[in-house]
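Participant: File target24.txt follows (compact mmCIF, C-alpha atoms):
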```
# COMPACT_ATOMS: atom_id res chain seq x y z
CA MET A 296 16.87 -6.17 -38.66
CA SER A 297 20.63 -5.72 -38.53
CA GLU A 298 20.22 -2.64 -36.34
CA PHE A 299 18.66 -4.69 -33.55
CA PRO A 300 21.40 -6.12 -31.33
CA SER A 301 21.57 -9.00 -28.97
CA ARG A 302 21.39 -8.40 -25.21
CA THR A 303 25.16 -8.70 -25.01
CA ASP A 304 25.47 -5.80 -27.45
CA ILE A 305 23.25 -3.62 -25.25
CA LYS A 306 25.44 -4.23 -22.25
CA SER A 307 28.76 -3.85 -24.02
CA PRO A 308 29.80 -0.18 -24.30
CA GLN A 309 33.20 -1.16 -25.70
CA ARG A 310 31.68 -2.88 -28.73
CA SER A 311 29.17 -0.06 -29.28
CA ALA A 312 31.42 2.94 -28.70
CA ALA A 313 31.27 4.01 -32.37
CA SER A 314 27.47 3.70 -32.65
CA GLY A 315 25.47 6.76 -33.64
CA PRO A 316 22.14 8.01 -32.26
CA ARG A 317 20.11 5.90 -34.69
CA GLN A 318 21.86 2.71 -33.61
CA TRP A 319 21.38 3.55 -29.94
CA TYR A 320 17.72 4.36 -30.56
CA ALA A 321 17.31 0.99 -32.30
CA ARG A 322 18.96 -0.71 -29.33
CA GLY A 323 16.50 1.06 -27.04
CA LEU A 324 13.61 -0.17 -29.19
CA PHE A 325 14.96 -3.71 -28.93
CA ALA A 326 15.36 -3.41 -25.16
CA GLY A 327 11.77 -2.21 -24.85
CA ILE A 328 10.39 -5.00 -27.03
CA THR A 329 12.23 -7.68 -25.05
CA SER A 330 11.61 -6.16 -21.59
CA VAL A 331 9.56 -8.31 -19.23
CA GLN A 332 8.60 -5.15 -17.34
CA GLY A 333 7.35 -3.67 -20.61
CA MET A 334 5.32 -6.77 -21.45
CA VAL A 335 3.67 -6.74 -18.02
CA LEU A 336 2.98 -3.00 -18.28
CA ILE A 337 1.36 -3.34 -21.71
CA ALA A 338 -0.76 -6.30 -20.55
CA SER A 339 -1.95 -4.15 -17.64
CA TYR A 340 -3.17 -1.51 -20.08
CA VAL A 341 -5.38 -4.07 -21.80
CA GLY A 342 -7.13 -4.37 -18.44
CA PHE A 343 -7.22 -0.58 -18.10
CA GLY A 344 -8.92 -0.21 -21.48
CA GLY A 345 -11.47 -2.84 -20.53
CA LEU A 346 -12.24 -1.13 -17.22
CA CYS A 347 -12.68 2.23 -18.98
CA ALA A 348 -15.22 0.69 -21.35
CA GLY A 349 -17.00 -0.97 -18.42
CA VAL A 350 -17.54 2.29 -16.50
CA GLY A 351 -18.41 4.40 -19.54
CA PHE A 352 -15.17 6.40 -19.69
CA PRO A 353 -14.78 7.78 -23.26
CA ALA A 354 -12.43 5.86 -25.56
CA GLY A 355 -10.63 8.99 -26.76
CA ALA A 356 -10.01 10.19 -23.21
CA ALA A 357 -8.74 6.74 -22.18
CA VAL A 358 -6.29 6.59 -25.08
CA PHE A 359 -5.16 10.18 -24.58
CA SER A 360 -4.54 9.53 -20.87
CA SER A 361 -2.32 6.57 -21.77
CA PHE A 362 -0.36 8.78 -24.17
CA LEU A 363 -0.10 11.79 -21.86
CA ILE A 364 0.09 10.37 -18.31
CA VAL A 365 1.74 6.96 -18.86
CA ALA A 366 1.21 5.96 -15.21
CA LEU A 367 -1.52 3.48 -14.40
CA PRO A 368 -2.23 4.56 -10.77
CA SER A 369 -2.71 8.17 -11.87
CA GLN A 370 -4.96 7.08 -14.71
CA LEU A 371 -7.08 4.95 -12.38
CA LEU A 372 -7.50 8.04 -10.19
CA LEU A 373 -8.61 9.96 -13.28
CA VAL A 374 -11.19 7.33 -14.19
CA GLY A 375 -12.29 6.93 -10.57
CA GLY A 376 -12.85 10.67 -10.26
CA PHE A 377 -14.87 10.67 -13.47
CA VAL A 378 -17.07 7.82 -12.26
CA ALA A 379 -17.56 9.51 -8.87
CA GLY A 380 -18.61 12.74 -10.58
CA ASN A 381 -15.80 14.84 -9.09
CA GLY A 382 -14.95 18.22 -10.58
CA MET A 383 -12.10 18.64 -13.05
CA LEU A 384 -9.98 20.60 -10.58
CA VAL A 385 -10.30 17.91 -7.90
CA ILE A 386 -9.37 15.18 -10.38
CA ALA A 387 -6.40 17.20 -11.66
CA ILE A 388 -5.07 17.73 -8.13
CA ALA A 389 -5.47 14.02 -7.34
CA VAL A 390 -3.55 13.05 -10.48
CA LEU A 391 -0.88 15.66 -9.72
CA LEU A 392 -0.36 14.34 -6.19
CA SER A 393 -0.19 10.79 -7.50
CA ALA A 394 2.42 11.79 -10.08
CA ALA A 395 4.52 13.49 -7.38
CA ARG A 396 5.43 10.05 -6.05
CA LEU A 397 7.63 9.63 -9.11
CA LEU A 398 9.87 12.60 -8.23
CA PRO A 399 12.47 10.40 -6.46
CA SER A 400 12.56 8.15 -9.52
CA VAL A 401 13.17 11.14 -11.77
CA VAL A 402 15.90 12.48 -9.50
CA THR A 403 17.76 9.15 -9.47
CA LEU A 404 17.40 8.47 -13.21
CA LEU A 405 18.17 11.86 -14.78
CA PRO A 406 21.87 11.86 -13.78
CA TYR A 407 22.30 9.12 -16.42
CA LEU A 408 20.61 11.36 -19.04
CA ARG A 409 22.82 14.42 -19.20
CA ALA A 410 21.60 16.72 -21.97
CA ARG A 411 20.08 20.13 -22.62
CA LEU A 412 17.40 21.19 -20.15
CA TRP A 413 14.50 20.77 -22.57
CA VAL A 414 15.67 17.24 -23.46
CA GLN A 415 15.83 16.32 -19.77
CA LEU A 416 12.34 17.75 -19.22
CA VAL A 417 10.98 15.59 -22.06
CA ALA A 418 12.85 12.56 -20.67
CA ALA A 419 11.44 13.22 -17.19
CA HIS A 420 7.89 13.14 -18.58
CA PHE A 421 8.27 9.46 -19.52
CA VAL A 422 9.65 8.32 -16.16
CA ALA A 423 7.35 5.75 -14.59
CA VAL A 424 8.18 2.83 -12.33
CA SER A 425 8.68 0.40 -15.23
CA VAL A 426 10.93 2.87 -17.04
CA TRP A 427 12.84 3.58 -13.83
CA VAL A 428 13.42 -0.12 -13.12
CA GLU A 429 14.67 -0.83 -16.65
CA GLY A 430 16.60 2.44 -16.85
CA ARG A 431 18.48 1.75 -13.64
CA ARG A 432 19.34 -1.70 -14.94
CA LEU A 433 20.31 -0.89 -18.54
CA LEU A 434 21.58 2.72 -18.64
CA PRO A 435 24.64 2.62 -16.31
CA PRO A 436 26.77 0.28 -18.52
CA LEU A 437 26.18 2.42 -21.62
CA PRO A 438 28.49 5.24 -22.77
CA PRO A 439 27.04 8.68 -21.97
CA GLU A 440 26.42 9.59 -25.63
CA GLY A 441 24.26 6.51 -26.13
CA ARG A 442 21.99 6.84 -23.11
CA ILE A 443 19.59 9.53 -24.36
CA PRO A 444 18.69 7.87 -27.71
CA PHE A 445 18.62 4.45 -26.04
CA TYR A 446 16.25 5.78 -23.37
CA PHE A 447 13.90 7.35 -25.89
CA GLY A 448 13.89 4.16 -27.95
CA MET A 449 12.86 2.15 -24.92
CA THR A 450 10.18 4.64 -23.82
CA THR A 451 8.80 4.77 -27.38
CA VAL A 452 7.99 1.06 -27.14
CA PHE A 453 6.50 1.41 -23.66
CA ASN A 454 4.37 4.43 -24.55
CA ALA A 455 3.16 3.18 -27.94
CA GLY A 456 2.48 -0.25 -26.47
CA CYS A 457 0.37 1.20 -23.64
CA VAL A 458 -1.66 3.30 -26.07
CA ALA A 459 -2.27 0.33 -28.37
CA ALA A 460 -3.15 -1.92 -25.43
CA THR A 461 -5.67 0.64 -24.15
CA VAL A 462 -7.41 0.63 -27.54
CA ILE A 463 -7.42 -3.17 -27.68
CA GLY A 464 -8.73 -3.51 -24.13
CA PHE A 465 -11.46 -0.92 -24.72
CA TYR A 466 -12.84 -2.54 -27.84
CA ILE A 467 -12.68 -6.13 -26.64
CA ALA A 468 -14.26 -5.18 -23.30
CA GLY A 469 -17.38 -7.16 -24.16
CA GLU A 470 -15.25 -10.27 -24.50
CA LEU A 471 -13.06 -9.52 -21.47
CA PRO A 472 -14.42 -10.72 -18.10
CA ARG A 473 -14.32 -7.94 -15.51
CA ALA A 474 -12.36 -10.10 -13.05
CA PHE A 475 -9.77 -10.79 -15.75
CA ALA A 476 -9.45 -7.07 -16.56
CA ILE A 477 -8.90 -6.27 -12.89
CA GLY A 478 -6.33 -9.09 -12.72
CA LEU A 479 -4.42 -7.61 -15.65
CA THR A 480 -4.13 -4.24 -13.90
CA PHE A 481 -2.84 -6.08 -10.82
CA LEU A 482 0.06 -7.49 -12.86
CA THR A 483 1.86 -4.14 -12.72
CA PRO A 484 2.19 -3.77 -8.91
CA MET A 485 3.16 -7.44 -8.65
CA SER A 486 5.90 -7.00 -11.25
CA PHE A 487 7.11 -3.87 -9.42
CA LEU A 488 7.35 -5.84 -6.19
CA LEU A 489 9.36 -8.61 -7.86
CA ALA A 490 11.62 -6.09 -9.62
CA LEU A 491 12.29 -4.15 -6.42
CA THR A 492 13.11 -7.38 -4.62
CA ARG A 493 15.49 -8.39 -7.40
CA ASN A 494 17.18 -4.98 -7.44
CA ALA A 495 17.48 -4.64 -3.65
CA ARG A 496 21.12 -4.27 -2.56
CA ASP A 497 21.24 -2.95 1.02
CA LEU A 498 19.61 -4.06 4.26
CA ALA A 499 17.44 -0.94 4.19
CA ASP A 500 16.02 -2.03 0.82
CA TYR A 501 14.95 -5.40 2.16
CA LEU A 502 13.61 -3.91 5.39
CA SER A 503 11.54 -1.36 3.44
CA LEU A 504 9.93 -4.15 1.45
CA ALA A 505 9.33 -6.31 4.53
CA PHE A 506 7.88 -3.47 6.63
CA GLY A 507 5.72 -2.29 3.74
CA LEU A 508 4.25 -5.74 3.19
CA ALA A 509 3.67 -6.24 6.92
CA LEU A 510 2.00 -2.85 7.43
CA THR A 511 -0.16 -2.87 4.30
CA PRO A 512 -3.12 -4.84 5.79
CA LEU A 513 -3.15 -2.58 8.87
CA PHE A 514 -3.21 0.70 6.95
CA ALA A 515 -5.58 -0.68 4.31
CA GLU A 516 -8.05 -1.19 7.16
CA PHE A 517 -7.46 1.97 9.18
CA GLY A 518 -5.51 4.36 6.95
CA GLY A 519 -8.41 5.68 4.89
CA ARG A 520 -7.63 7.13 1.49
CA LEU A 521 -4.04 7.87 2.52
CA ASP A 522 -3.28 4.23 3.29
CA LEU A 523 -0.49 3.91 0.71
CA LEU A 524 1.13 7.14 1.89
CA TRP A 525 1.13 5.96 5.51
CA VAL A 526 2.58 2.60 4.52
CA GLY A 527 5.43 4.34 2.70
CA LEU A 528 6.14 6.79 5.51
CA ALA A 529 5.99 4.22 8.28
CA GLY A 530 7.67 1.31 6.49
CA GLY A 531 10.32 3.34 4.71
CA GLY A 532 10.98 5.54 7.73
CA ALA A 533 11.40 2.52 10.01
CA ALA A 534 13.81 0.89 7.56
```
Represent the structure from my file as C-alpha cells, please.

Facilitator:
Amino acid sequence: MSEFPSRTDIKSPQRSAASGPRQWYARGLFAGITSVQGMVLIASYVGFGGLCAGVGFPAGAAVFSSFLIVALPSQLLLVGGFVAGNGMLVIAIAVLLSAARLLPSVVTLLPYLRARLWVQLVAAHFVAVSVWVEGRRLLPPLPPEGRIPFYFGMTTVFNAGCVAATVIGFYIAGELPRAFAIGLTFLTPMSFLLALTRNARDLADYLSLAFGLALTPLFAEFGGRLDLLWVGLAGGGAA
C-alpha cells in the first residue's frame, strides 16, 4: 500500500523526481482506480455486457472486444452489425471508421509520451476519450520519465475494469433491466460532455459544445447514419 500515493503526490513532480518506473506505474494504477471518468466508463461496460447477452452476442466475443477495442461506440457498431447480419468486412470497416475519430486524441496525447516507436504504438492503442481526458489532465505536470509507466498503469485499470465489467454485465443480464443497461451505456457520453465542458479553455471550445448541442436534434432527424459526423463538421467548423 505504501506505493500508492495521494493525489498531491501524483501532481508533484518535484517530490517524485527520484521515483522509478514501478513507482510511477503504481501511481498510474492509483490514478485509474480513483478516476471518476474510469468509474463511469467501467459502469458503462456493465450495460454493454448486458446488451450483448440480450441480443445473443457471444460472451467470448464481447469480452475480447472490450480487451481489444476498448471503445464503446466502436463495440456497439460491432454488436449492431452482428445483430443486423452484416458481413465481417462491412463490420470491420464500420469499426475502423469509428476508431478513426480518435486520431486527433492520439495526436494531442502522444507528445507527452515520448518513447521508442513500438512503445508509442502500444500506447496509442489504448487511447480512448476517457484516457485522453485523464491523460491531458494528469500527464503534463509529471516529469517526462514518469509519464509512460504512469500512463500504462492508468490504462491497465481502465482496460481490466472494462473487461471485468463486460463479464459481470453479461452474466447478470437476466437480473439487469434492459432500460437500466441502456442507461449505463449512456453514462459515458454524458461524462464526456461534462469533462469537455470542464476542460474547455477558449471561446472556440465553448462554441463547439454549444453548436453541437444545438445542431444535434436537427441532424438526428435529417442526417441519416452520418448524423454525428455532420454535427461535428458543422458545429466544430462554425466554432

Participant: Between A:Gly430, A:Ile337, A:Ser361, A:Leu373, which one has atoms that come closest to A:Ile386, using all atoms listed in the file?

Facilitator: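 Of A:Gly430, A:Ile337, A:Ser361, A:Leu373, the one nearest A:Ile386, counting all atoms listed in the file, is A:Leu373.
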
Participant: Just the residues within 10 Å of stretch 496-509 of chain A, please, counting all atoms listed in the file, with nothing from its chain fewer than 3 positions along; format it as a PyMOL selection string.

Facilitator: chain A and resi 488+491-493+512-514+523+525-534

Participant: Give me the residues within 8 Å of A:Ile328 as a ChimeraX atom specification, counting all atoms listed in the file and dropping any in the same chain fewer than 3 places off.

Facilitator: /A:324-325,333-334,449,452

Participant: Using all atoms listed in the file, pick whichever of A:Val417, A:Val428, A:Leu367, A:Leu391 has the shortest atom-to-atom distance to A:Thr403.

Facilitator: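 The closest residue to A:Thr403 is A:Val428.
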
Participant: Name the closest residue to A:Phe359 among the candidates A:Gly344, A:Gly380, A:Pro436, A:Pro316; distances are taken between atoms, counting all atoms listed in the file.

Facilitator: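 Of the candidates, the smallest distance to A:Phe359 is held by A:Gly344.
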
Participant: Could you state the separation of atom CA of A:Ala474 and atom CA of A:Tyr340 in Å, given to one decimal place?

Facilitator: 14.4 Å

Participant: Might you pull out every residue within 12 Å of A:Leu434, with all atoms listed in the file counted and same-chain residues fewer than 5 positions away left off, and present them as an MDAnalysis selection string?

Facilitator: chainID A and resid 305:308 319 322:323 326 403:409 426:429 439:447 449

Participant: Those same residues, written as a PDB file, in the frame of the given file with C-alpha atoms?

Facilitator:
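Result file is part_3.pdb:
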```pdb
ATOM      1  CA  ILE A 305      23.250  -3.620 -25.250  1.00  0.00           C
ATOM      2  CA  LYS A 306      25.440  -4.230 -22.250  1.00  0.00           C
ATOM      3  CA  SER A 307      28.760  -3.850 -24.020  1.00  0.00           C
ATOM      4  CA  PRO A 308      29.800  -0.180 -24.300  1.00  0.00           C
ATOM      5  CA  TRP A 319      21.380   3.550 -29.940  1.00  0.00           C
ATOM      6  CA  ARG A 322      18.960  -0.710 -29.330  1.00  0.00           C
ATOM      7  CA  GLY A 323      16.500   1.060 -27.040  1.00  0.00           C
ATOM      8  CA  ALA A 326      15.360  -3.410 -25.160  1.00  0.00           C
ATOM      9  CA  THR A 403      17.760   9.150  -9.470  1.00  0.00           C
ATOM     10  CA  LEU A 404      17.400   8.470 -13.210  1.00  0.00           C
ATOM     11  CA  LEU A 405      18.170  11.860 -14.780  1.00  0.00           C
ATOM     12  CA  PRO A 406      21.870  11.860 -13.780  1.00  0.00           C
ATOM     13  CA  TYR A 407      22.300   9.120 -16.420  1.00  0.00           C
ATOM     14  CA  LEU A 408      20.610  11.360 -19.040  1.00  0.00           C
ATOM     15  CA  ARG A 409      22.820  14.420 -19.200  1.00  0.00           C
ATOM     16  CA  VAL A 426      10.930   2.870 -17.040  1.00  0.00           C
ATOM     17  CA  TRP A 427      12.840   3.580 -13.830  1.00  0.00           C
ATOM     18  CA  VAL A 428      13.420  -0.120 -13.120  1.00  0.00           C
ATOM     19  CA  GLU A 429      14.670  -0.830 -16.650  1.00  0.00           C
ATOM     20  CA  PRO A 439      27.040   8.680 -21.970  1.00  0.00           C
ATOM     21  CA  GLU A 440      26.420   9.590 -25.630  1.00  0.00           C
ATOM     22  CA  GLY A 441      24.260   6.510 -26.130  1.00  0.00           C
ATOM     23  CA  ARG A 442      21.990   6.840 -23.110  1.00  0.00           C
ATOM     24  CA  ILE A 443      19.590   9.530 -24.360  1.00  0.00           C
ATOM     25  CA  PRO A 444      18.690   7.870 -27.710  1.00  0.00           C
ATOM     26  CA  PHE A 445      18.620   4.450 -26.040  1.00  0.00           C
ATOM     27  CA  TYR A 446      16.250   5.780 -23.370  1.00  0.00           C
ATOM     28  CA  PHE A 447      13.900   7.350 -25.890  1.00  0.00           C
ATOM     29  CA  MET A 449      12.860   2.150 -24.920  1.00  0.00           C
TER      30      MET A 449
END
```

Participant: Around the point (13.2, 11.3, -15.4), in the coordinates given by the file, pick out the residues reaching within 7 Å, counting only C-alpha atoms, and return them as a PyMOL selection string.

Facilitator: chain A and resi 400-402+404-405+418-422

Participant: For A:Ile364, which of A:Leu384, A:Ala379, A:Leu346, A:Val390 is the closest residue, counting only C-alpha atoms?

Facilitator: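 Once distances to A:Ile364 are computed over only C-alpha atoms, the minimum belongs to A:Val390.
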
Participant: Just the number, please: distance in Å from atom CA of A:Leu363 to atom CA of A:Val385, one decimal.

Facilitator: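 Going from atom CA of A:Leu363 over to atom CA of A:Val385 covers 18.3 Å.
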
Participant: For A:Phe377, which residue among A:Val462, A:Leu397, A:Ala356, A:Leu392 is the nearest when counting only C-alpha atoms?

Facilitator: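 That would be A:Ala356, the residue with the smallest distance to A:Phe377.
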
Participant: Mind giving me the straight-line distance from atom CA of A:Val335 to atom CA of A:Leu398 in Å, one decimal?

Facilitator: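 A separation of 22.5 Å between them.
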
Participant: Return as JSON the box centre and box size in Å, one decimal, for an axis-aligned box around all listed atoms of stretch 395-407 of chain A padded by 4 Å per side.

Facilitator:
```
{"center_x": 13.4, "center_y": 10.8, "center_z": -11.2, "size_x": 25.8, "size_y": 13.3, "size_z": 18.4}
```
